[in-house]
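Inspection log for the structure reproduced underneath, given as structure tokens.
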Amino acid sequence: MRWIWLVAGVVLLIGEMATTSMFALPFAIGAFGAAVVAFIGFGIPVQIVVCAALSGASYAGLRPLARRMNAQGSATGVGSRRLIHEAGVVLAEIPAGDVGMVRVDAEEWRAESYDGQAIEKGARIRVLDTKGTRVVVAPFEAPVPDPQLPE
């Protein structure tokens with residue numbers, strides 16, 4: 001039975017790594033605990049009690065952490081969307097109605113002005129949106145347009 005507990009723990013651990021939901025992890029901990037007890041030589045009833053107790057305790061201990069992690073979600077966005085609201089600097093002038101280059105963090109991006117106005121080289125900017133591989137920027141001191149208000 002000890003090998004069954006060990007295999008069950010490994011399978012549950014792999015399942016947890018695949019889903020990252022923190023649901024299988026407590027049961028994997030319980031299965032590993034039962035495997036340890038089985039290797040020591042205790043009988044099946046003790047193994048089952050240890051598995052249930054460790055699984056329950058682990059579940060109770062990890063569930064609040066899992067809820068907190070799920071509630072936070074992704075605060076920064078994914079891909080180029082993570083750049084929204086970040087500050088940067090213009091590397092190559094952004095001509096009126098055309099595209100220039102900006103550096104945001106350590107990355108260089110093609111950029112266009114949100115209002116079509118030119119932004120000179122060296123100006124500090126703020127990223128307002130992304131359009132594919134381009135970022136839409138405004139001069140740092142310019143007021144940020146409210147997306148809720150019609151233009």
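As shown in the structure tokens, the chain order sets the letters A, B, ...; within each chain, residues go from 1, and ligands are also counted from 1 in the order they appear.
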Problem set entry | segment 117-132 of chain A surroundings by only C-alpha atoms, 12 Å radius, close-in-sequence under 3 positions cut, as a PyMOL selection string | chain A and resi 77-105+109-114+135-147
For this session: Fewer than 6 positions away in the same chain doesn't count, so skip those; otherwise give me all residues within 12 Å of Gly41 of chain A, counting only C-alpha atoms, as an MDAnalysis selection string.
Result: chainID A and resid 1:2 34:35 47
Gly30 of chain A environment, 7 Å, only C-alpha atoms, sequence neighbours closer than 2 positions dropped, as a PDB file with C-alpha atoms, in the first residue's frame:
ATOM      1  CA  PRO A  26      -3.512  19.250   0.189  1.00  0.00           C
ATOM      2  CA  PHE A  27      -4.436  15.749  -0.961  1.00  0.00           C
ATOM      3  CA  ALA A  28      -0.917  15.197  -2.300  1.00  0.00           C
ATOM      4  CA  PHE A  32       2.755  11.579   1.057  1.00  0.00           C
ATOM      5  CA  GLY A  33       2.074  11.532   4.805  1.00  0.00           C
ATOM      6  CA  ALA A  34       0.247   8.235   4.470  1.00  0.00           C
ATOM      7  CA  VAL A  50      -3.117  10.145   8.551  1.00  0.00           C
ATOM      8  CA  CYS A  51      -4.038  10.833   4.919  1.00  0.00           C
ATOM      9  CA  ALA A  52      -7.412  12.293   5.906  1.00  0.00           C
ATOM     10  CA  LEU A  54      -3.091  15.795   6.772  1.00  0.00           C
ATOM     11  CA  SER A  55      -5.325  16.466   3.774  1.00  0.00           C
TER      12      SER A  55
END
For this session: Work out how far apart atom CA of Ile40 of chain A and atom CA of Gly61 of chain A are and give it in Å to one decimal.
Result: 25.9 Å
Problem set entry | Secondary structure check, alpha helix (DSSP H) residues of segment 8-104 of chain A, as a PyMOL selection string | chain A and resi 8-19+25-40+44-72
Exercise. Hey, what's within 10 Å of Phe23 of chain A if we count only C-alpha atoms and toss same-chain stuff fewer than 5 positions away? As an MDAnalysis selection string, please?
Worked result: chainID A and resid 12 15:16 28 59 62:63 66
Next, write the just-selected residues to a file, as a tab-separated table (two decimals), in the first residue's frame, keeping C-alpha atoms as the atom set.
chain	number	residue	atom	x	y	z
A	12	LEU	CA	-1.77	14.62	-7.33
A	15	GLY	CA	-2.04	17.49	-11.31
A	16	GLU	CA	-1.55	20.47	-9.03
A	28	ALA	CA	-0.92	15.20	-2.30
A	59	TYR	CA	-6.71	22.13	2.86
A	62	LEU	CA	-3.91	26.51	2.05
A	63	ARG	CA	-7.47	27.48	1.08
A	66	ALA	CA	-5.61	30.16	-2.69
Problem set entry | Å distance separating atom CA of Met69 of chain A from atom CA of Ala8 of chain A, one decimal place | 26.0 Å
For this session: Go ahead and compute the interatomic distance for atom CA of Val10 of chain A and atom CA of Phe39 of chain A, in Å to one decimal.
Result: 15.9 Å
Problem set entry | strand (DSSP E) per DSSP on the backbone: members of chain A, as a VMD selection string | chain A and resid 87 to 92 99 to 104 107 to 113 124 to 131 134 to 139
Using N, CA and C atoms, can you export the residues from the last selection as an mmCIF file, in the first residue's frame?
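What follows is the written file selection-v8.cif:
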data_model
loop_
_atom_site.group_PDB
_atom_site.id
_atom_site.type_symbol
_atom_site.label_atom_id
_atom_site.label_comp_id
_atom_site.auth_asym_id
_atom_site.auth_seq_id
_atom_site.Cartn_x
_atom_site.Cartn_y
_atom_site.Cartn_z
ATOM 1 N N ALA A 87 5.417 55.001 -17.269
ATOM 2 C CA ALA A 87 6.107 56.173 -17.800
ATOM 3 C C ALA A 87 7.269 55.730 -18.668
ATOM 4 N N GLY A 88 7.650 56.592 -19.600
ATOM 5 C CA GLY A 88 8.769 56.288 -20.474
ATOM 6 C C GLY A 88 9.349 57.561 -21.046
ATOM 7 N N VAL A 89 10.235 57.392 -22.031
ATOM 8 C CA VAL A 89 10.886 58.530 -22.667
ATOM 9 C C VAL A 89 10.900 58.305 -24.180
ATOM 10 N N VAL A 90 10.760 59.400 -24.935
ATOM 11 C CA VAL A 90 10.755 59.325 -26.396
ATOM 12 C C VAL A 90 12.193 59.203 -26.884
ATOM 13 N N LEU A 91 12.489 58.175 -27.670
ATOM 14 C CA LEU A 91 13.825 57.958 -28.226
ATOM 15 C C LEU A 91 13.961 58.588 -29.608
ATOM 16 N N ALA A 92 12.923 58.493 -30.408
ATOM 17 C CA ALA A 92 12.889 59.101 -31.735
ATOM 18 C C ALA A 92 11.590 59.879 -31.823
ATOM 19 N N VAL A 99 4.486 57.664 -36.447
ATOM 20 C CA VAL A 99 4.991 56.759 -35.418
ATOM 21 C C VAL A 99 6.441 57.101 -35.093
ATOM 22 N N GLY A 100 6.787 57.049 -33.801
ATOM 23 C CA GLY A 100 8.161 57.226 -33.337
ATOM 24 C C GLY A 100 8.540 56.063 -32.440
ATOM 25 N N MET A 101 9.605 56.239 -31.668
ATOM 26 C CA MET A 101 10.077 55.185 -30.757
ATOM 27 C C MET A 101 10.124 55.719 -29.331
ATOM 28 N N VAL A 102 9.726 54.870 -28.380
ATOM 29 C CA VAL A 102 9.803 55.211 -26.967
ATOM 30 C C VAL A 102 10.451 54.067 -26.205
ATOM 31 N N ARG A 103 10.975 54.376 -25.040
ATOM 32 C CA ARG A 103 11.489 53.341 -24.133
ATOM 33 C C ARG A 103 10.611 53.374 -22.889
ATOM 34 N N VAL A 104 10.053 52.213 -22.577
ATOM 35 C CA VAL A 104 9.254 52.036 -21.365
ATOM 36 C C VAL A 104 9.911 50.914 -20.593
ATOM 37 N N GLU A 107 12.382 48.367 -22.352
ATOM 38 C CA GLU A 107 11.953 47.933 -23.680
ATOM 39 C C GLU A 107 11.701 49.119 -24.589
ATOM 40 N N GLU A 108 12.020 48.940 -25.871
ATOM 41 C CA GLU A 108 11.748 49.967 -26.871
ATOM 42 C C GLU A 108 10.512 49.572 -27.668
ATOM 43 N N TRP A 109 9.613 50.543 -27.851
ATOM 44 C CA TRP A 109 8.348 50.295 -28.536
ATOM 45 C C TRP A 109 8.091 51.370 -29.576
ATOM 46 N N ARG A 110 7.445 50.979 -30.677
ATOM 47 C CA ARG A 110 6.941 51.963 -31.625
ATOM 48 C C ARG A 110 5.758 52.639 -30.954
ATOM 49 N N ALA A 111 5.648 53.952 -31.136
ATOM 50 C CA ALA A 111 4.622 54.694 -30.404
ATOM 51 C C ALA A 111 3.966 55.731 -31.293
ATOM 52 N N GLU A 112 2.716 56.014 -30.969
ATOM 53 C CA GLU A 112 1.980 57.102 -31.615
ATOM 54 C C GLU A 112 1.336 57.945 -30.535
ATOM 55 N N SER A 113 1.138 59.210 -30.846
ATOM 56 C CA SER A 113 0.530 60.138 -29.902
ATOM 57 C C SER A 113 -0.977 59.909 -29.866
ATOM 58 N N ARG A 124 9.253 63.088 -21.658
ATOM 59 C CA ARG A 124 8.713 62.004 -20.834
ATOM 60 C C ARG A 124 7.270 61.767 -21.262
ATOM 61 N N ILE A 125 6.903 60.485 -21.347
ATOM 62 C CA ILE A 125 5.556 60.119 -21.798
ATOM 63 C C ILE A 125 4.922 59.133 -20.827
ATOM 64 N N ARG A 126 3.622 58.954 -21.005
ATOM 65 C CA ARG A 126 2.871 57.958 -20.247
ATOM 66 C C ARG A 126 2.109 57.118 -21.262
ATOM 67 N N VAL A 127 2.120 55.806 -21.098
ATOM 68 C CA VAL A 127 1.420 54.905 -22.019
ATOM 69 C C VAL A 127 -0.061 54.874 -21.642
ATOM 70 N N LEU A 128 -0.909 55.142 -22.633
ATOM 71 C CA LEU A 128 -2.353 55.154 -22.402
ATOM 72 C C LEU A 128 -3.041 53.885 -22.897
ATOM 73 N N ASP A 129 -2.494 53.306 -23.975
ATOM 74 C CA ASP A 129 -3.137 52.137 -24.569
ATOM 75 C C ASP A 129 -2.114 51.419 -25.446
ATOM 76 N N THR A 130 -2.509 50.263 -25.949
ATOM 77 C CA THR A 130 -1.676 49.535 -26.903
ATOM 78 C C THR A 130 -2.519 49.216 -28.132
ATOM 79 N N LYS A 131 -1.867 49.196 -29.274
ATOM 80 C CA LYS A 131 -2.515 48.811 -30.542
ATOM 81 C C LYS A 131 -1.561 47.847 -31.224
ATOM 82 N N ARG A 134 2.253 48.550 -31.175
ATOM 83 C CA ARG A 134 2.485 49.971 -30.897
ATOM 84 C C ARG A 134 1.865 50.344 -29.557
ATOM 85 N N VAL A 135 2.439 51.363 -28.943
ATOM 86 C CA VAL A 135 1.831 51.916 -27.739
ATOM 87 C C VAL A 135 1.307 53.307 -28.071
ATOM 88 N N VAL A 136 0.199 53.667 -27.451
ATOM 89 C CA VAL A 136 -0.383 54.992 -27.616
ATOM 90 C C VAL A 136 0.022 55.791 -26.384
ATOM 91 N N VAL A 137 0.684 56.945 -26.613
ATOM 92 C CA VAL A 137 1.279 57.684 -25.511
ATOM 93 C C VAL A 137 0.794 59.120 -25.477
ATOM 94 N N ALA A 138 0.993 59.743 -24.330
ATOM 95 C CA ALA A 138 0.729 61.171 -24.152
ATOM 96 C C ALA A 138 1.919 61.760 -23.420
ATOM 97 N N PRO A 139 2.216 63.036 -23.679
ATOM 98 C CA PRO A 139 3.282 63.676 -22.892
ATOM 99 C C PRO A 139 2.956 63.561 -21.413
#
